[in-house]
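To start, the structure under review is shown below, and the notes come after it.
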Amino acid sequence: MSPSPKEGLSTEELIEAELCDAEEDLAPSSPVAAARGRLRTHPVLLLVGIVLASLNMRAALAGVSPVLGEISDHFGMTSTISSLVTTIPLIFMGVISPLAPKLARRWGTETVLLGALVLLAGGIALRIAPPMVTLFAGCAVVGSGIALLNVLMPGLIKRDFPDKAAGMTALYSTAMILGATVSAAAAVPLEHALGGWRGSLVSWALLAAVAACAWLPQVVLSREGTRHGQAAAVSAPRTDQGQGQGQGQGQGQAGPKLTRSPIAWQITLFMGSQSLIAYVTIAWLPTLLTDHGMSRATAGLVFAFSTLVQMGGSFLVPTLAGRMRGQRLLCAAVAVFMAVGLTGLLVAPVGGAWVWATLLGLGQGGALGIALTLMVLRSGDAHTAARLSGMAQTWGYLLAAAGPVVLGAVHQATGGWTVPIALLLCVCAGLVLLGLGAGKDRKIGDVAA
């Protein structure tokens with residue numbers, strides 16, 4: 001087999017390649033293209049909008065976990081039912097993600113991003129309404145808003161900052177993790193300061209509202225000159241091997257059929273399995289620590305620290321991956337880091353909490369980084385990478401959604417955390433096996449379906 005074309009990628013090239021554009025097959029209408037050209041002359045407006053939107057992409061989820069016990073006690077929910085507070089957003093993140101490119105075609109990326117932030121603010125506010133059903137309805141709206149942001153933000157960065165994609169991606173990723181970290185660390189203090197868990201949760205609607213205000217002038221400017229009812233974009237004529245055929249039609253001109261590719265499924269399942277562990281941690285880590293005697297405020301800080309540490313793994317692992325022919329060792333390493341951290345929670349959950357949080361954070365950040373990198377390294381072109389990203393994120397989030405509710409049910413049935421953690425260790429073992437396949441130096445089209 002000939003060496004991979006992606007072998008030896010620089011960090012900047014790899015990061016730019018990971019930015020899968022939701023508008024990759026679309027061409028903006030003439031008025032929208034002209035308006036975007038004018039917008040690029042005011043990069044500060046775009047920069048502020050990107051940072052504010054990124055801060056919101058995980059804050060609404062991370063701020064729930066430290067006060068989940070109080071929410072459960074207020075409504076008298078079991079562990080299984082309370083896990084839906086984390087599970088429902090994940091389901092909608094998987095279901096809504098495929099709609100983002102269609103919405104961008106019709107209304108434009110800027111308009112859909114504004115709508116996503118408005119949805120997010122509304123969903124956060126809806127979660128605190130008195131009936132329990134509105135809590136779950138708000139979770140669905142929050143997940144829908146985050147799904148749109150997840151899909152559209154990377155492409156917007158690649159489109160508007162083509163010469164600074166690596167730096168802007170670093171800023172975007174840092175802001176996203178910072179939002180989650182601050183939200184987790186501030187959840188219990190905000191609860192005390194604002195009179196309960198409702199005040200703590202709804203406070204993040206203000207951040208989403210501020211971000212929406214920052215995108216409003218960009219939406220107005222980007223649609224300037226567009227006739228009422230005119231679509232923001234049309235299908236772009238393809239001059240490469242995808243020309244003339246619909247997406248995913250066999251191995252012909254549209255590229256390999258991903259649902260028949262073992263590599264594509266290995267990457268998808270790797271993405272979903274690491275997401276499952278990550279969102280179980282988001283849902284249950286503070287509760288596990290408080291069940292073993294740690295104060296809620298300290299448990300929130302440990303969780304926030306674990307989230308912050310993910311930044312190190314998410315930058316280091318893709319950098320190493322881009323310089324290696326195969327990534328099997330890296331895939332196994334991130335799974336081992338998570339497995340050791342989880343084992344530590346069984347042996348000394350409180351005494352070694354900061355150590356286990358560090359290992360979990362490094363492993364989870366690295367696992368996400370390698371999953372995104374594999375989408376690029378195993379694809380033959382940008383078009384295949386974009387399609388693989390959509391497949392992996394859609395099915396990955398749906399798989400991850402099972403984690404919090406299943407582990408919550410097992411915790412409720414067994415009355416402890418030993419069996420739930422043992423199940424997560426089995427997922428880590430599965431990650432190693434998946435990584436041995438997905439990390440092999442080959443392309444999706446190199447293996448017969």
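Lettering and numbering for the structure tokens are positional, with chains as A, B, ... in the shown order, residues counted from 1 in each chain, and ligands counted from 1 in the shown order.
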
* Which polymer residues have any atom within 10 Å of an atom of Trp354 of chain A, counting only C-alpha atoms, with same-chain residues fewer than 5 positions away left out, as a list of chain:residue names? -> A:Ala299, A:Leu301, A:Val302, A:Phe303, A:Phe305, A:Ser306, A:Gly341, A:Pro349, A:Leu359, A:Leu360

Considering only C-alpha atoms, tabulate each residue of segment 266-344 of chain A that lies at most 9 Å from segment 392-410 of chain A along with its nearest interatomic pair and the corresponding distance in Å to one decimal; arrange the rows by chain and ascending residue number and present them as a Markdown table.
| residue | atom | partner | partner_atom | distance |
| --- | --- | --- | --- | --- |
| A:Ile267 | CA | A:Ala392 | CA | 6.9 |
| A:Thr268 | CA | A:Ala392 | CA | 4.2 |
| A:Leu269 | CA | A:Gly396 | CA | 6.5 |
| A:Phe270 | CA | A:Gly396 | CA | 8.1 |
| A:Met271 | CA | A:Gly396 | CA | 5.6 |
| A:Gly272 | CA | A:Gly396 | CA | 3.5 |
| A:Ser273 | CA | A:Ala400 | CA | 6.6 |
| A:Gln274 | CA | A:Ala400 | CA | 8.0 |
| A:Ser275 | CA | A:Ala400 | CA | 5.4 |
| A:Leu276 | CA | A:Ala400 | CA | 3.8 |
| A:Ile277 | CA | A:Gly403 | CA | 7.2 |
| A:Ala278 | CA | A:Ala400 | CA | 8.4 |
| A:Tyr279 | CA | A:Pro404 | CA | 6.8 |
| A:Val280 | CA | A:Pro404 | CA | 4.8 |
| A:Thr281 | CA | A:Pro404 | CA | 8.4 |
| A:Ile282 | CA | A:Pro404 | CA | 8.7 |
| A:Ala283 | CA | A:Pro404 | CA | 6.3 |
| A:Trp284 | CA | A:Pro404 | CA | 7.6 |

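Between Val202 of chain A and the candidates A:Met77, A:Ala184, A:Ile263, A:Val64, the tightest atom-to-atom separation, counting only C-alpha atoms, involves A:Val64.
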
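Straight-line separation from atom CA of Trp107 of chain A to atom CA of Leu152 of chain A: 12.6 Å.
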
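For the set A:Val350, A:Val118, A:Leu372, A:Ile124, the residue with the smallest atom-to-atom gap to Gly322 of chain A is A:Leu372, counting only C-alpha atoms.
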